>>> print(open('work-v1.json').read())   # JSON, C-alpha atoms and all ligand atoms
[["chain", "number", "residue", "atom", "x", "y", "z"],
["X", 1, "MET", "CA", 87.55, 107.14, 91.32],
["X", 2, "ALA", "CA", 88.11, 103.42, 91.23],
["X", 3, "ASP", "CA", 91.49, 102.72, 92.63],
["X", 4, "HIS", "CA", 92.86, 99.41, 93.69],
["X", 5, "VAL", "CA", 94.52, 100.22, 96.95],
["X", 6, "GLN", "CA", 94.95, 97.14, 99.05],
["X", 7, "ARG", "CA", 93.65, 97.44, 102.56],
["X", 8, "PRO", "CA", 96.58, 96.67, 104.82],
["X", 9, "PRO", "CA", 96.20, 94.71, 108.02],
["X", 10, "ARG", "CA", 95.60, 97.12, 110.84],
["X", 11, "HIS", "CA", 98.76, 96.41, 112.80],
["X", 12, "VAL", "CA", 101.12, 97.40, 110.00],
["X", 13, "PRO", "CA", 102.09, 101.03, 110.37],
["X", 14, "ARG", "CA", 101.26, 102.95, 107.25],
["X", 15, "ARG", "CA", 102.60, 106.33, 106.29],
["X", 16, "THR", "CA", 101.92, 108.59, 103.37],
["X", 17, "CYS", "CA", 104.80, 109.47, 101.07],
["X", 18, "ILE", "CA", 104.80, 113.24, 100.72],
["X", 19, "GLY", "CA", 106.17, 112.90, 97.19],
["X", 20, "CYS", "CA", 103.55, 110.75, 95.51],
["X", 21, "ARG", "CA", 100.90, 110.88, 98.27],
["X", 22, "GLN", "CA", 100.63, 107.11, 98.32],
["X", 23, "GLU", "CA", 100.54, 105.10, 101.48],
["X", 24, "ALA", "CA", 103.25, 102.59, 102.18],
["X", 25, "GLY", "CA", 104.63, 100.57, 105.02],
["X", 26, "LYS", "CA", 107.13, 102.39, 107.16],
["X", 27, "ARG", "CA", 109.89, 100.06, 106.05],
["X", 28, "GLU", "CA", 109.51, 101.14, 102.43],
["X", 29, "LEU", "CA", 109.82, 104.78, 103.34],
["X", 30, "VAL", "CA", 112.64, 107.06, 104.37],
["X", 31, "ARG", "CA", 111.93, 109.51, 107.14],
["X", 32, "ILE", "CA", 113.00, 113.09, 106.99],
["X", 33, "VAL", "CA", 112.87, 115.17, 110.10],
["X", 34, "ARG", "CA", 112.82, 118.73, 111.32],
["X", 35, "THR", "CA", 115.27, 118.55, 114.17],
["X", 36, "PRO", "CA", 114.83, 120.49, 117.41],
["X", 37, "GLU", "CA", 117.60, 122.74, 116.05],
["X", 38, "GLN", "CA", 115.31, 123.60, 113.10],
["X", 39, "ARG", "CA", 117.43, 121.72, 110.62],
["X", 40, "LEU", "CA", 116.14, 119.46, 107.91],
["X", 41, "ALA", "CA", 117.74, 116.05, 107.92],
["X", 42, "VAL", "CA", 117.38, 112.54, 106.59],
["X", 43, "ASP", "CA", 116.58, 110.21, 109.45],
["X", 44, "PRO", "CA", 117.73, 106.72, 108.47],
["X", 45, "THR", "CA", 116.82, 105.30, 111.88],
["X", 46, "GLY", "CA", 113.28, 106.69, 111.80],
["X", 47, "ARG", "CA", 113.65, 107.57, 115.47],
["X", 48, "ALA", "CA", 115.14, 111.03, 115.51],
["X", 49, "ASN", "CA", 113.43, 113.66, 117.60],
["X", 50, "GLY", "CA", 111.35, 116.19, 115.80],
["X", 51, "ARG", "CA", 108.54, 116.43, 113.33],
["X", 52, "GLY", "CA", 108.90, 113.86, 110.59],
["X", 53, "ALA", "CA", 107.63, 113.13, 107.12],
["X", 54, "TYR", "CA", 108.06, 110.11, 104.92],
["X", 55, "LEU", "CA", 109.22, 109.53, 101.37],
["X", 56, "HIS", "CA", 109.67, 106.44, 99.25],
["X", 57, "ALA", "CA", 113.30, 105.54, 98.74],
["X", 58, "THR", "CA", 112.99, 106.50, 95.11],
["X", 59, "ARG", "CA", 114.34, 109.53, 93.33],
["X", 60, "VAL", "CA", 111.03, 110.47, 91.71],
["X", 61, "CYS", "CA", 109.27, 110.92, 95.03],
["X", 62, "TRP", "CA", 112.11, 113.04, 96.43],
["X", 63, "GLU", "CA", 112.23, 115.20, 93.35],
["X", 64, "LYS", "CA", 108.50, 115.80, 93.60],
["X", 65, "ALA", "CA", 108.79, 116.71, 97.25],
["X", 66, "LEU", "CA", 111.85, 118.91, 96.72],
["X", 67, "LYS", "CA", 110.31, 120.77, 93.81],
["X", 68, "GLY", "CA", 107.65, 122.81, 95.54],
["X", 69, "SER", "CA", 106.79, 123.66, 99.10],
["X", 70, "THR", "CA", 105.90, 120.08, 99.93],
["X", 71, "ILE", "CA", 108.58, 119.62, 102.56],
["X", 72, "SER", "CA", 108.13, 122.97, 104.24],
["X", 73, "HIS", "CA", 104.41, 122.31, 104.27],
["X", 74, "ALA", "CA", 104.74, 118.82, 105.73],
["X", 75, "LEU", "CA", 107.22, 119.85, 108.39],
["X", 76, "LYS", "CA", 105.74, 123.30, 108.95],
["X", 77, "PHE", "CA", 108.95, 125.27, 108.62],
["X", 78, "ASN", "CA", 111.23, 126.70, 105.99],
["X", 79, "PRO", "CA", 114.36, 124.57, 105.84],
["X", 80, "ALA", "CA", 117.73, 126.15, 105.16],
["X", 81, "ARG", "CA", 118.75, 126.04, 101.54],
["X", 82, "GLU", "CA", 121.84, 124.01, 102.34],
["X", 83, "ASP", "CA", 119.68, 121.40, 104.05],
["X", 84, "VAL", "CA", 117.43, 121.17, 101.01],
["X", 85, "GLU", "CA", 120.53, 120.78, 98.85],
["X", 86, "ALA", "CA", 121.72, 117.98, 101.11],
["X", 87, "LEU", "CA", 118.42, 116.17, 100.56],
["X", 88, "ARG", "CA", 118.75, 116.73, 96.85],
["X", 89, "ALA", "CA", 122.17, 115.11, 96.96],
["X", 90, "PHE", "CA", 120.70, 112.22, 98.93],
["X", 91, "ALA", "CA", 117.94, 111.81, 96.33],
["X", 92, "VAL", "CA", 120.44, 111.59, 93.49],
["X", 93, "ALA", "CA", 121.88, 108.47, 95.07],
["X", 94, "LEU", "CA", 118.49, 106.78, 95.25],
["X", 95, "PRO", "CA", 117.17, 104.42, 92.59],
["X", 96, "ALA", "CA", 115.05, 106.23, 90.01],
["X", 97, "GLU", "CA", 112.05, 104.06, 90.63],
["X", 98, "GLU", "CA", 110.84, 101.51, 93.06],
["X", 99, "SER", "CA", 112.27, 98.08, 92.53],
["X", 100, "GLU", "CA", 109.79, 95.29, 93.08],
["X", 101, "ASP", "CA", 112.25, 92.82, 94.50],
["X", 102, "SER", "CA", 114.19, 94.65, 97.15],
["U", 201, "ZN", "ZN", 106.31, 108.11, 96.96]]
>>> encode(input="work-v1.json", output="structure tokens")
Amino acid sequence: MADHVQRPPRHVPRRTCIGCRQEAGKRELVRIVRTPEQRLAVDPTGRANGRGAYLHATRVCWEKALKGSTISHALKFNPAREDVEALRAFAVALPAEESEDS
């Protein structure tokens, strides 16, 4: 497959969005985390303890991730339903798609 992914400079941390499976710089992504208390939470600082995964700050990516077992797979646990609902609520507040000029 001929894709046109730009090779980033090596020193820029890259993470894969678990929604669309595309790589992006950490700053474009929102971290979610499985806390030591086995809760699922949004981690706006990107520094919370626990196993983390990354998502673009766009609703489409969150909806993709929230739809199936993507999050439980990425974080290797089954989050509480209320925590998943909290992420859903968070996603609703996100822009539908990536804006080029943010
Ligand atoms: Zn994405």
>>> residues_near_ligand(input="work-v1.json", ligand="ligand ZN 201 (chain U)", cutoff="12 Å", atoms="all atoms listed in the file", output="PyMOL selection string")
chain X and resi 15-26+28-31+53-65+96-98
>>> closest_residue(input="work-v1.json", among="X:Leu40, X:Val33, X:Leu66, X:Ala74", to="Ala91 in chain X", atoms="only C-alpha atoms")
X:Leu66
>>> closest_residue(input="work-v1.json", among="X:Pro79, X:Pro95, X:Pro13, X:Gly68", to="Glu37 in chain X", atoms="all atoms listed in the file")
X:Pro79
>>> closest_residue(input="work-v1.json", among="X:Gln6, X:Phe77, X:Phe90, X:Ile71", to="Pro44 in chain X", atoms="all atoms listed in the file")
X:Phe90
>>> atom_distance(input="work-v1.json", atom1="CA of Pro36 in chain X", atom2="CA of His11 in chain X")
29.3 Å
>>> atom_distance(input="work-v1.json", atom1="CA of Val12 in chain X", atom2="CA of Ser72 in chain X")
27.1 Å
>>> atom_distance(input="work-v1.json", atom1="CA of Ala80 in chain X", atom2="CA of Gln38 in chain X")
8.7 Å
>>> closest_residue(input="work-v1.json", among="X:Lys67, X:Thr45, X:Arg34, X:Gly50", to="Arg88 in chain X", atoms="all atoms listed in the file")
X:Lys67
>>> closest_residue(input="work-v1.json", among="X:Leu75, X:Leu94, X:Ile32, X:Val84", to="Arg47 in chain X", atoms="only C-alpha atoms")
X:Ile32
>>> closest_residue(input="work-v1.json", among="X:Thr70, X:Lys76, X:Glu85, X:Thr35", to="Ala48 in chain X", atoms="all atoms listed in the file")
X:Thr35
>>> decode(input="work-v1.json", residues="range 54-92 of chain X", atoms="N, CA and C atoms", output="short mmCIF file (atom, residue, chain, number, x, y, z; two decimals), in the first residue's frame")
data_model
loop_
_atom_site.label_atom_id
_atom_site.label_comp_id
_atom_site.auth_asym_id
_atom_site.auth_seq_id
_atom_site.Cartn_x
_atom_site.Cartn_y
_atom_site.Cartn_z
N TYR X 54 -3.49 6.51 23.77
CA TYR X 54 -3.63 7.86 23.23
C TYR X 54 -4.72 7.92 22.18
N LEU X 55 -5.39 9.06 22.15
CA LEU X 55 -6.44 9.31 21.17
C LEU X 55 -6.32 10.75 20.67
N HIS X 56 -6.61 10.93 19.39
CA HIS X 56 -6.71 12.30 18.88
C HIS X 56 -7.80 13.04 19.65
N ALA X 57 -7.66 14.34 19.73
CA ALA X 57 -8.69 15.13 20.40
C ALA X 57 -9.83 15.41 19.43
N THR X 58 -10.32 14.37 18.83
CA THR X 58 -11.44 14.50 17.90
C THR X 58 -12.48 13.44 18.22
N ARG X 59 -13.73 13.82 18.05
CA ARG X 59 -14.82 12.94 18.45
C ARG X 59 -14.78 11.61 17.69
N VAL X 60 -14.46 11.68 16.39
CA VAL X 60 -14.50 10.45 15.58
C VAL X 60 -13.58 9.38 16.15
N CYS X 61 -12.41 9.77 16.56
CA CYS X 61 -11.45 8.78 17.08
C CYS X 61 -11.96 8.18 18.38
N TRP X 62 -12.55 9.01 19.23
CA TRP X 62 -13.07 8.51 20.51
C TRP X 62 -14.25 7.58 20.29
N GLU X 63 -15.10 7.95 19.34
CA GLU X 63 -16.25 7.09 19.08
C GLU X 63 -15.80 5.73 18.56
N LYS X 64 -14.79 5.75 17.70
CA LYS X 64 -14.26 4.48 17.20
C LYS X 64 -13.73 3.64 18.35
N ALA X 65 -12.98 4.29 19.21
CA ALA X 65 -12.35 3.55 20.32
C ALA X 65 -13.39 3.07 21.32
N LEU X 66 -14.44 3.86 21.52
CA LEU X 66 -15.45 3.52 22.52
C LEU X 66 -16.43 2.48 22.00
N LYS X 67 -16.45 2.29 20.70
CA LYS X 67 -17.43 1.40 20.10
C LYS X 67 -17.18 -0.06 20.45
N GLY X 68 -15.98 -0.52 20.23
CA GLY X 68 -15.69 -1.94 20.42
C GLY X 68 -14.90 -2.19 21.68
N SER X 69 -13.99 -3.12 21.60
CA SER X 69 -13.17 -3.45 22.77
C SER X 69 -11.81 -2.78 22.68
N THR X 70 -11.74 -1.73 21.88
CA THR X 70 -10.45 -1.09 21.64
C THR X 70 -9.77 -0.64 22.93
N ILE X 71 -10.54 0.01 23.79
CA ILE X 71 -9.94 0.56 25.01
C ILE X 71 -9.55 -0.55 25.97
N SER X 72 -10.44 -1.52 26.15
CA SER X 72 -10.09 -2.60 27.07
C SER X 72 -8.90 -3.39 26.55
N HIS X 73 -8.81 -3.48 25.23
CA HIS X 73 -7.67 -4.16 24.62
C HIS X 73 -6.38 -3.37 24.86
N ALA X 74 -6.44 -2.07 24.60
CA ALA X 74 -5.24 -1.24 24.71
C ALA X 74 -4.75 -1.16 26.15
N LEU X 75 -5.69 -1.11 27.08
CA LEU X 75 -5.30 -0.93 28.48
C LEU X 75 -5.32 -2.24 29.26
N LYS X 76 -5.70 -3.30 28.58
CA LYS X 76 -5.68 -4.66 29.14
C LYS X 76 -6.50 -4.77 30.43
N PHE X 77 -7.68 -4.20 30.40
CA PHE X 77 -8.62 -4.43 31.50
C PHE X 77 -10.02 -4.06 31.03
N ASN X 78 -11.01 -4.42 31.81
CA ASN X 78 -12.37 -4.08 31.45
C ASN X 78 -12.83 -2.92 32.32
N PRO X 79 -12.89 -1.72 31.72
CA PRO X 79 -13.25 -0.56 32.53
C PRO X 79 -14.71 -0.62 32.97
N ALA X 80 -14.98 0.01 34.10
CA ALA X 80 -16.34 0.10 34.59
C ALA X 80 -17.20 0.87 33.59
N ARG X 81 -18.44 0.48 33.50
CA ARG X 81 -19.35 1.11 32.55
C ARG X 81 -19.46 2.61 32.78
N GLU X 82 -19.48 3.00 34.04
CA GLU X 82 -19.60 4.44 34.32
C GLU X 82 -18.37 5.21 33.83
N ASP X 83 -17.21 4.55 33.87
CA ASP X 83 -16.00 5.21 33.38
C ASP X 83 -16.04 5.36 31.86
N VAL X 84 -16.56 4.34 31.20
CA VAL X 84 -16.71 4.41 29.75
C VAL X 84 -17.70 5.52 29.40
N GLU X 85 -18.77 5.62 30.18
CA GLU X 85 -19.75 6.68 29.94
C GLU X 85 -19.13 8.07 30.13
N ALA X 86 -18.25 8.16 31.10
CA ALA X 86 -17.58 9.44 31.35
C ALA X 86 -16.71 9.82 30.15
N LEU X 87 -16.07 8.84 29.54
CA LEU X 87 -15.26 9.11 28.36
C LEU X 87 -16.14 9.50 27.18
N ARG X 88 -17.29 8.86 27.11
CA ARG X 88 -18.24 9.19 26.05
C ARG X 88 -18.68 10.65 26.17
N ALA X 89 -18.95 11.05 27.41
CA ALA X 89 -19.35 12.43 27.66
C ALA X 89 -18.21 13.39 27.29
N PHE X 90 -16.99 12.98 27.59
CA PHE X 90 -15.83 13.79 27.23
C PHE X 90 -15.74 13.93 25.71
N ALA X 91 -15.98 12.83 25.02
CA ALA X 91 -15.86 12.81 23.56
C ALA X 91 -16.87 13.75 22.89
N VAL X 92 -18.06 13.82 23.50
CA VAL X 92 -19.11 14.67 22.93
C VAL X 92 -18.67 16.13 22.88
#
